[in-house]
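What follows is a short report on a single structure.
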Amino acid sequence: MEKIVSLAKRRGFVFQSSEIYGGLNGCWDYGPLGVEMLNNLKQAWWRSMTFRDNIEGIDAAILMHPKTWEASGHVANFTDPMVDCKQCKARYRVDVLLDELTIKKKKDVLRDLFPGEFEGQQKDETIEAEFAQRLNNDEIIAQAIQKSISCPNCGNKGTFTEARQFNLMFKTYVGPVEDAGAVVYLRPETAQGIFVNFLNVQSASRQKLPFGIAQIGKAFRNEINTKNFLFRTREFEQMEMQYFVKPGEEDKWFDYWRAERMNWFLELGMKQENLQWHKHEKLAHYAKAAFDIEFKFPFGWGEIEGIHSRTDFDLGNHEKFSGKAMRYYDEQTKEKYVPFVIETSVGASRSFMAFLCAAYDEEMVEGGEGAGEMRTVLHLHPKLAPMKAAILPLVNRDGMDEIAQKMTKDLQKHFRVFYDDSGAIGRRYRRQDEVGTPYCFTVDSQTLEDQTVTVRERDSMKQERISIEKVKGYLLERII
């Protein structure tokens with residue numbers, strides 16, 4: 001993970017926000033290559049969702065009427081129990097505090113809470129299962145925190161406060177007066193902008209059920225414990241699609257979208273062994289069923305997308321709180337009803353990080369160019385790569401540089417490409433490998449004779465010659 005974070009900064013993928021002032025915890029800036037890759041990722045998702053007959057796109061405002069968040073349940077339910085260490089003043093989310101205990105610590109906690117039951121040699125899986133099962137109510141958890149768990153920061157035991165609920169929404173004010181009547185929230189998710197616009201979109205697009213509404217946008221959560229680079233941040237982008245279906249058909253479409261979303265990651269180069277399903281046993285207040293797609297990060301498995309069967313909770317509550325009907329008129333059955341919803345929700349920042357981790361590799365070159373050297377390479381899918389190609393004149397003489405510059409200008413009308421004439425050709429290849437550029441086109445002395453260039457493919461490092469006039473088609477075939 002340290003190598004990936006280092007590469008991300010050094011090569012211009014991700015910088016810490018306001019770093020010159022010491023940075024702001026949980027906030028990150030995307031550099032020149034990072035913003036290209038992030039945009040490519042969002043575009044790949046957008047095309048997969050909206051380039052079909054029955055999904056429309058919107059871009060809703062970040063600030064919404066505060067009743068939106070009452071109706072959605074965020075004011076009452078979007079909270080985390082927190083404890084403070086009275087000794088060192090460190091603050092922790094209760095679930096994170098429990099999750100980060102080692103197996104030995106979990107066994108110690110069980111031994112303290114349930115004397116005599118965990119004295120022998122139990123398997124790690126048994127301890128994990130028992131810990132999850134036994135510490136499943138607030139009273140037992142409170143006992144564990146007060147009696148058995150030490151503060152990770154100062155090491156003291158029995159110094160935690162009682163758990164308090166902490167709302168994760170950022171609060172601000174609309175207008176010049178900061179009073180209760182002017183309170184609004186930075187949205188903690190993009191989904192509600194879709195729900196409140198359900199009938200607007202349906203009427204304008206004349207869609208019939210089932211149909212979906214997709215959106216990409218910023219969301220904000222006042223996380224207490226940000227960690228693991230881009231995995232848990234306070235400001236992030238979501239790519240969400242809400243699919244509206246007739247009640248009774250939600251299970252069929254839930255299974256459909258589970259398969260669709262897993263395939264999307266596989267098609268963009270993820271390996272099946274690095275992905276898994278996690279079924280939610282404890283469901284959110286709105287959910288009938290929920291699964292996460294998890295990726296195997298260097299620090300362990302972590303969620304990158306959630307697929308949820310949300311029932312009619314959202315539209316039903318917005319109807320109740322707003323007093324406006326949120327019902328669909330079915331022309332076939334001549335009835336009105338509140339649709340059920342299947343949600344797919346993926347974090348652009350988290351999936352960016354997952355694709356970066358999946359692509360990162362250090363490998364020994366065997367035979368051919370650079371044999372015996374260690375190279376760092378990002379095996380990014382060409383659709384996601386920040387630069388689609390590099391144009392390299394072998395030397396800056398005999399007109400090779402002029403040909404390479406003209407190629408660059410012609411290709412820049414269609415792709416992000418990079419011109420590099422600095423250093424030995426092998427070193428230039430390595431620089432492009434490190435940032436995931438899938439193809440390098442080298443202009444050499446043979447180009448002057450027959451108007452062909454050498455194409456070098458990143459992953460295999462194989463080379464072939466093609467005509468300059470075929471370069472654009474070569475890239476279109478492999479990238480679009």
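In the structure tokens, each chain is lettered A, B, ... as it comes, each chain's residues begin at 1, and ligands are numbered from 1 in order of appearance.
For Thr68 (chain A), the list of residues within 10 Å, based on only C-alpha atoms and with local chain neighbours fewer than 3 positions off taken out, reads Met64, His65, Ala71, Ser72, Gly73, His74, Val75, Val184, Tyr185, Arg187, Gln192, Gly193, Phe195, Val196, Asp314, Asn317, His318, Phe321 and Ser322 of chain A.
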Give me, as a tab-separated table, each residue of region 249-338 of chain A that comes within 12 Å of region 34-42 of chain A, together with its shortest interatomic pair and the distance in Å at one decimal, counting only C-alpha atoms, with rows ordered by chain and rising residue number.
residue	atom	partner	partner_atom	distance
A:Trp264	CA	A:Leu41	CA	11.2
A:Phe265	CA	A:Leu41	CA	10.7
A:Leu268	CA	A:Leu41	CA	9.5
Kindly export the residues of the current selection with N, CA, C and O atoms, as a CSV table (one decimal), in the first residue's frame.
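Wrote out_26.csv, looks like this:
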chain,number,residue,atom,x,y,z
A,264,TRP,N,-19.3,-5.8,-14.7
A,264,TRP,CA,-18.6,-4.6,-15.0
A,264,TRP,C,-17.2,-4.5,-14.5
A,264,TRP,O,-16.3,-4.1,-15.3
A,265,PHE,N,-17.0,-4.9,-13.3
A,265,PHE,CA,-15.6,-4.9,-12.8
A,265,PHE,C,-14.7,-5.9,-13.5
A,265,PHE,O,-13.6,-5.7,-13.8
A,268,LEU,N,-13.5,-4.7,-16.9
A,268,LEU,CA,-12.5,-3.7,-16.8
A,268,LEU,C,-11.2,-4.2,-16.2
A,268,LEU,O,-10.4,-3.4,-15.8
Can you list, as a list of chain:residue names, every protein, DNA or RNA residue that comes within 10 Å of Asp53 (chain A) when you count only C-alpha atoms, leaving out same-chain residues fewer than 3 positions away? A:Met49, A:Thr50, A:Glu56, A:Gln207, A:Phe211, A:Gly212
Which of region 348-429 of chain A end up as strand (DSSP E or B) when DSSP is run on this backbone - answer as a PDB file with C-alpha atoms, in the first residue's frame?
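Output file selection.pdb follows:
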ATOM      1  CA  TYR A 360      -0.017  -2.292  -9.623  1.00  0.00           C
ATOM      2  CA  ASP A 361       2.727  -4.834 -10.238  1.00  0.00           C
ATOM      3  CA  GLU A 362       6.477  -5.221  -9.886  1.00  0.00           C
ATOM      4  CA  GLU A 363       7.894  -7.838 -12.222  1.00  0.00           C
ATOM      5  CA  MET A 364      11.244  -9.117 -13.422  1.00  0.00           C
ATOM      6  CA  MET A 374      12.682  -5.059 -12.337  1.00  0.00           C
ATOM      7  CA  ARG A 375       9.911  -2.912 -13.750  1.00  0.00           C
ATOM      8  CA  THR A 376       6.953  -1.252 -12.054  1.00  0.00           C
ATOM      9  CA  VAL A 377       3.836  -1.386 -14.191  1.00  0.00           C
ATOM     10  CA  LEU A 378       0.164  -0.488 -13.901  1.00  0.00           C
ATOM     11  CA  ALA A 389      -0.575   6.185 -25.924  1.00  0.00           C
ATOM     12  CA  ALA A 390       2.876   7.737 -25.866  1.00  0.00           C
ATOM     13  CA  ILE A 391       4.539   9.065 -29.020  1.00  0.00           C
ATOM     14  CA  LEU A 392       8.309   8.717 -28.892  1.00  0.00           C
ATOM     15  CA  PRO A 393      10.846   9.921 -31.476  1.00  0.00           C
ATOM     16  CA  VAL A 417      -1.657  10.955 -25.667  1.00  0.00           C
ATOM     17  CA  PHE A 418       1.766  11.954 -24.387  1.00  0.00           C
ATOM     18  CA  TYR A 419       4.805  13.157 -26.335  1.00  0.00           C
TER      19      TYR A 419
END
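Between Cys151 (chain A) and the candidates A:Gln276, A:Gln238, A:Gln87, A:Ser351, the tightest atom-to-atom separation, counting only C-alpha atoms, involves A:Gln87.
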Which of these, A:Lys296, A:Lys123, A:Lys252, A:Arg465, has the shortest distance to Ala354 (chain A) once you count only C-alpha atoms?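 Under the stated criterion, the closest residue is A:Lys296.
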Which residue, A:Ser309, A:Asn222, A:Gln432, A:Thr233, has the smallest gap to Lys171 (chain A) when you use only C-alpha atoms?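 Among the listed residues, A:Asn222 lies closest to Lys171 (chain A).
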List every residue of region 175-272 of chain A that DSSP, applied to the backbone of this structure, places in helix (DSSP H, G or I), and write the result as an MDAnalysis selection string. chainID A and resid 180:182 191:195 198:205 250:267 272
Please produce a file of the residues just selected, as a CSV table (one decimal), in the first residue's frame, where the atoms kept are N, CA, C and O atoms.
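The result, stored in part_1.csv:
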chain,number,residue,atom,x,y,z
A,180,ALA,N,-31.9,28.1,13.3
A,180,ALA,CA,-32.5,26.7,13.0
A,180,ALA,C,-33.2,26.7,11.7
A,180,ALA,O,-33.3,25.7,11.0
A,181,GLY,N,-33.9,27.8,11.3
A,181,GLY,CA,-34.7,27.8,10.1
A,181,GLY,C,-33.9,27.8,8.8
A,181,GLY,O,-34.4,27.6,7.7
A,182,ALA,N,-32.6,28.1,8.9
A,182,ALA,CA,-31.7,28.1,7.8
A,182,ALA,C,-30.8,26.9,7.6
A,182,ALA,O,-29.9,26.9,6.7
A,191,ALA,N,-28.5,9.5,-3.8
A,191,ALA,CA,-29.7,8.8,-4.1
A,191,ALA,C,-31.0,9.6,-4.0
A,191,ALA,O,-31.9,9.5,-4.8
A,192,GLN,N,-31.0,10.5,-2.9
A,192,GLN,CA,-32.2,11.2,-2.6
A,192,GLN,C,-32.5,12.2,-3.7
A,192,GLN,O,-33.7,12.5,-4.0
A,193,GLY,N,-31.5,12.8,-4.4
A,193,GLY,CA,-31.8,13.6,-5.5
A,193,GLY,C,-32.5,12.9,-6.7
A,193,GLY,O,-33.2,13.5,-7.4
A,194,ILE,N,-32.2,11.6,-6.8
A,194,ILE,CA,-33.0,10.8,-7.8
A,194,ILE,C,-34.4,10.5,-7.3
A,194,ILE,O,-35.3,10.7,-8.1
A,195,PHE,N,-34.6,10.2,-6.1
A,195,PHE,CA,-36.0,9.9,-5.6
A,195,PHE,C,-36.9,11.1,-5.7
A,195,PHE,O,-38.0,10.9,-6.2
A,198,PHE,N,-38.1,11.5,-9.2
A,198,PHE,CA,-38.7,10.3,-9.9
A,198,PHE,C,-39.8,10.7,-10.9
A,198,PHE,O,-39.7,10.3,-12.1
A,199,LEU,N,-40.8,11.4,-10.5
A,199,LEU,CA,-41.9,11.7,-11.4
A,199,LEU,C,-41.5,12.8,-12.4
A,199,LEU,O,-42.0,12.7,-13.6
A,200,ASN,N,-40.6,13.7,-12.1
A,200,ASN,CA,-40.1,14.6,-13.1
A,200,ASN,C,-39.5,13.9,-14.3
A,200,ASN,O,-39.7,14.2,-15.4
A,201,VAL,N,-38.6,13.0,-13.9
A,201,VAL,CA,-37.8,12.2,-15.0
A,201,VAL,C,-38.8,11.3,-15.7
A,201,VAL,O,-38.8,11.2,-17.0
A,202,GLN,N,-39.7,10.6,-15.0
A,202,GLN,CA,-40.6,9.7,-15.7
A,202,GLN,C,-41.5,10.4,-16.6
A,202,GLN,O,-41.7,10.0,-17.8
A,203,SER,N,-42.0,11.6,-16.2
A,203,SER,CA,-42.9,12.4,-17.1
A,203,SER,C,-42.2,12.9,-18.3
A,203,SER,O,-42.7,12.9,-19.4
A,204,ALA,N,-41.0,13.5,-18.1
A,204,ALA,CA,-40.2,14.1,-19.2
A,204,ALA,C,-39.7,13.1,-20.2
A,204,ALA,O,-39.7,13.3,-21.4
A,205,SER,N,-39.3,11.9,-19.7
A,205,SER,CA,-38.8,10.9,-20.6
A,205,SER,C,-39.8,9.9,-21.1
A,205,SER,O,-39.5,9.1,-22.0
A,250,GLU,N,-39.2,-7.2,-7.6
A,250,GLU,CA,-37.9,-6.7,-7.1
A,250,GLU,C,-36.9,-7.8,-7.0
A,250,GLU,O,-35.7,-7.5,-7.2
A,251,ASP,N,-37.2,-9.0,-6.7
A,251,ASP,CA,-36.3,-10.1,-6.5
A,251,ASP,C,-35.6,-10.4,-7.8
A,251,ASP,O,-34.4,-10.6,-7.9
A,252,LYS,N,-36.4,-10.5,-8.9
A,252,LYS,CA,-35.8,-10.8,-10.2
A,252,LYS,C,-34.8,-9.7,-10.6
A,252,LYS,O,-33.7,-10.0,-11.1
A,253,TRP,N,-35.2,-8.5,-10.4
A,253,TRP,CA,-34.3,-7.4,-10.9
A,253,TRP,C,-33.1,-7.2,-9.9
A,253,TRP,O,-32.0,-6.8,-10.3
A,254,PHE,N,-33.3,-7.6,-8.7
A,254,PHE,CA,-32.1,-7.6,-7.7
A,254,PHE,C,-31.1,-8.5,-8.2
A,254,PHE,O,-29.9,-8.2,-8.2
A,255,ASP,N,-31.4,-9.7,-8.6
A,255,ASP,CA,-30.5,-10.7,-9.1
A,255,ASP,C,-29.8,-10.3,-10.4
A,255,ASP,O,-28.6,-10.5,-10.6
A,256,TYR,N,-30.7,-9.6,-11.3
A,256,TYR,CA,-30.1,-9.1,-12.5
A,256,TYR,C,-29.0,-8.1,-12.3
A,256,TYR,O,-28.0,-8.2,-12.9
A,257,TRP,N,-29.3,-7.1,-11.4
A,257,TRP,CA,-28.3,-6.1,-11.3
A,257,TRP,C,-27.1,-6.6,-10.5
A,257,TRP,O,-26.0,-6.0,-10.7
A,258,ARG,N,-27.2,-7.5,-9.6
A,258,ARG,CA,-26.0,-8.1,-9.0
A,258,ARG,C,-25.1,-8.7,-10.1
A,258,ARG,O,-23.9,-8.4,-10.0
A,259,ALA,N,-25.6,-9.4,-11.0
A,259,ALA,CA,-24.8,-10.0,-12.1
A,259,ALA,C,-24.2,-8.9,-13.0
A,259,ALA,O,-23.0,-9.0,-13.3
A,260,GLU,N,-25.0,-7.9,-13.3
A,260,GLU,CA,-24.5,-6.9,-14.2
A,260,GLU,C,-23.3,-6.1,-13.6
A,260,GLU,O,-22.3,-5.8,-14.2
A,261,ARG,N,-23.5,-5.8,-12.3
A,261,ARG,CA,-22.4,-5.0,-11.6
A,261,ARG,C,-21.1,-5.8,-11.4
A,261,ARG,O,-20.1,-5.2,-11.5
A,262,MET,N,-21.2,-7.1,-11.1
A,262,MET,CA,-20.0,-7.9,-10.9
A,262,MET,C,-19.3,-7.9,-12.3
A,262,MET,O,-18.1,-7.8,-12.4
A,263,ASN,N,-20.1,-8.2,-13.3
A,263,ASN,CA,-19.5,-8.3,-14.7
A,263,ASN,C,-18.8,-7.0,-15.1
A,263,ASN,O,-17.8,-7.0,-15.8
A,264,TRP,N,-19.3,-5.8,-14.7
A,264,TRP,CA,-18.6,-4.6,-15.0
A,264,TRP,C,-17.2,-4.5,-14.5
A,264,TRP,O,-16.3,-4.1,-15.3
A,265,PHE,N,-17.0,-4.9,-13.3
A,265,PHE,CA,-15.6,-4.9,-12.8
A,265,PHE,C,-14.7,-5.9,-13.5
A,265,PHE,O,-13.6,-5.7,-13.8
A,266,LEU,N,-15.3,-7.1,-13.8
A,266,LEU,CA,-14.5,-8.1,-14.5
A,266,LEU,C,-14.1,-7.7,-15.9
A,266,LEU,O,-13.0,-7.9,-16.4
A,267,GLU,N,-15.1,-7.0,-16.6
A,267,GLU,CA,-14.8,-6.5,-17.9
A,267,GLU,C,-13.7,-5.5,-18.0
A,267,GLU,O,-13.0,-5.3,-19.0
A,272,GLN,N,-11.3,-12.3,-10.8
A,272,GLN,CA,-12.4,-12.9,-10.0
A,272,GLN,C,-11.9,-13.2,-8.6
A,272,GLN,O,-12.6,-13.0,-7.7
Pairwise distance for CA of Gly175 (chain A) and CA of Arg221 (chain A), rounded to one decimal in Å: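 Those two atoms sit 22.3 Å apart.
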Near region 8-14 of chain A, counting only C-alpha atoms, which residues have an atom at most 10 Å away, once you skip same-chain residues fewer than 6 positions from it, shown as an MDAnalysis selection string? chainID A and resid 2 28:38 229:230 353 356 386 431 434:435
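Between CA of Arg428 (chain A) and CA of Asp401 (chain A) the interatomic distance comes to 14.9 Å.
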Which residues are near Pro81 (chain A)? Cut-off 9 Å, only C-alpha atoms, ignore same chain within fewer than 2 positions. Put them as a list in words.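 Residues meeting the cut-off are Thr79, Val83, Tyr92, Arg93, Val94, Asp95, Ala163, Arg164, Gln165, Phe166 and Asn167 of chain A.
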Neighbouring residues of Leu283 (chain A) were defined as those with any atom within 12 Å, considering only C-alpha atoms; residues of the same chain fewer than 6 positions away were excluded. Please report them as JSON, numbers by chain. {"A": [289, 290, 291, 292, 308, 309, 310]}
Output all heavy atoms of each residue in that selection to a file, as a PDB file, in the first residue's frame.
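Contents of out_10.pdb, freshly written:
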ATOM      1  N   ALA A 289     -33.065  -6.548   1.093  1.00  0.00           N
ATOM      2  CA  ALA A 289     -31.887  -7.403   0.888  1.00  0.00           C
ATOM      3  C   ALA A 289     -30.728  -6.510   0.467  1.00  0.00           C
ATOM      4  O   ALA A 289     -30.936  -5.443  -0.125  1.00  0.00           O
ATOM      5  CB  ALA A 289     -32.159  -8.469  -0.171  1.00  0.00           C
ATOM      6  N   ALA A 290     -29.505  -6.929   0.778  1.00  0.00           N
ATOM      7  CA  ALA A 290     -28.338  -6.119   0.429  1.00  0.00           C
ATOM      8  C   ALA A 290     -27.105  -7.000   0.293  1.00  0.00           C
ATOM      9  O   ALA A 290     -26.866  -7.884   1.121  1.00  0.00           O
ATOM     10  CB  ALA A 290     -28.094  -5.042   1.478  1.00  0.00           C
ATOM     11  N   PHE A 291     -26.348  -6.762  -0.780  1.00  0.00           N
ATOM     12  CA  PHE A 291     -25.068  -7.416  -0.996  1.00  0.00           C
ATOM     13  C   PHE A 291     -24.031  -6.354  -1.332  1.00  0.00           C
ATOM     14  O   PHE A 291     -24.347  -5.360  -1.991  1.00  0.00           O
ATOM     15  CB  PHE A 291     -25.133  -8.410  -2.161  1.00  0.00           C
ATOM     16  CG  PHE A 291     -25.694  -9.758  -1.818  1.00  0.00           C
ATOM     17  CD1 PHE A 291     -27.065  -9.968  -1.803  1.00  0.00           C
ATOM     18  CD2 PHE A 291     -24.853 -10.819  -1.523  1.00  0.00           C
ATOM     19  CE1 PHE A 291     -27.595 -11.211  -1.494  1.00  0.00           C
ATOM     20  CE2 PHE A 291     -25.369 -12.063  -1.214  1.00  0.00           C
ATOM     21  CZ  PHE A 291     -26.739 -12.264  -1.202  1.00  0.00           C
ATOM     22  N   ASP A 292     -22.800  -6.569  -0.880  1.00  0.00           N
ATOM     23  CA  ASP A 292     -21.679  -5.724  -1.271  1.00  0.00           C
ATOM     24  C   ASP A 292     -20.752  -6.506  -2.186  1.00  0.00           C
ATOM     25  O   ASP A 292     -20.539  -7.710  -1.987  1.00  0.00           O
ATOM     26  CB  ASP A 292     -20.864  -5.285  -0.054  1.00  0.00           C
ATOM     27  CG  ASP A 292     -21.626  -4.334   0.860  1.00  0.00           C
ATOM     28  OD1 ASP A 292     -22.574  -3.688   0.365  1.00  0.00           O
ATOM     29  OD2 ASP A 292     -21.277  -4.254   2.048  1.00  0.00           O
ATOM     30  N   HIS A 308     -28.688  -2.960  -3.407  1.00  0.00           N
ATOM     31  CA  HIS A 308     -29.686  -2.990  -2.349  1.00  0.00           C
ATOM     32  C   HIS A 308     -31.092  -3.074  -2.928  1.00  0.00           C
ATOM     33  O   HIS A 308     -31.397  -2.402  -3.911  1.00  0.00           O
ATOM     34  CB  HIS A 308     -29.587  -1.733  -1.475  1.00  0.00           C
ATOM     35  CG  HIS A 308     -28.203  -1.415  -1.025  1.00  0.00           C
ATOM     36  ND1 HIS A 308     -27.593  -0.210  -1.269  1.00  0.00           N
ATOM     37  CD2 HIS A 308     -27.299  -2.167  -0.357  1.00  0.00           C
ATOM     38  CE1 HIS A 308     -26.364  -0.220  -0.758  1.00  0.00           C
ATOM     39  NE2 HIS A 308     -26.162  -1.398  -0.202  1.00  0.00           N
ATOM     40  N   SER A 309     -31.912  -3.879  -2.291  1.00  0.00           N
ATOM     41  CA  SER A 309     -33.342  -3.891  -2.588  1.00  0.00           C
ATOM     42  C   SER A 309     -34.006  -2.990  -1.557  1.00  0.00           C
ATOM     43  O   SER A 309     -34.163  -3.360  -0.398  1.00  0.00           O
ATOM     44  CB  SER A 309     -33.890  -5.320  -2.515  1.00  0.00           C
ATOM     45  OG  SER A 309     -35.259  -5.353  -2.836  1.00  0.00           O
ATOM     46  N   ARG A 310     -34.405  -1.774  -1.979  1.00  0.00           N
ATOM     47  CA  ARG A 310     -34.817  -0.729  -1.039  1.00  0.00           C
ATOM     48  C   ARG A 310     -36.321  -0.690  -0.801  1.00  0.00           C
ATOM     49  O   ARG A 310     -36.801   0.206  -0.108  1.00  0.00           O
ATOM     50  CB  ARG A 310     -34.360   0.640  -1.553  1.00  0.00           C
ATOM     51  CG  ARG A 310     -32.853   0.814  -1.608  1.00  0.00           C
ATOM     52  CD  ARG A 310     -32.457   2.217  -2.056  1.00  0.00           C
ATOM     53  NE  ARG A 310     -32.703   3.206  -1.019  1.00  0.00           N
ATOM     54  CZ  ARG A 310     -31.765   4.013  -0.506  1.00  0.00           C
ATOM     55  NH1 ARG A 310     -30.516   3.940  -0.928  1.00  0.00           N
ATOM     56  NH2 ARG A 310     -32.079   4.902   0.417  1.00  0.00           N
TER      57      ARG A 310
END
A straight line from CA of Ile20 (chain A) to CA of Cys154 (chain A) spans 29.2 Å
I'd like to know which of A:Ile468, A:Val453, A:Ala90, A:Pro339 is closest to Glu249 (chain A), using only C-alpha atoms.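 Selected residue with least distance to Glu249 (chain A): A:Pro339.
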Exercise: Met241 (chain A) partners within 9 Å, only C-alpha atoms, chain neighbours under 5 positions left out, as a PyMOL selection string: chain A and resi 49+55+57+191+194+212-216+342-345
For each of A:Gly347, A:Gly372, A:Pro152, A:Gly116, take the minimum atom-to-atom distance to Met239 (chain A), counting only C-alpha atoms, then give the residue where this is smallest.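 Distance minimum relative to Met239 (chain A) lands on A:Gly347.
If only C-alpha atoms are the atoms counted, then among A:Met169, A:Gln133, A:Thr102, A:Asn396 the closest residue to Ala76 (chain A) is A:Met169.
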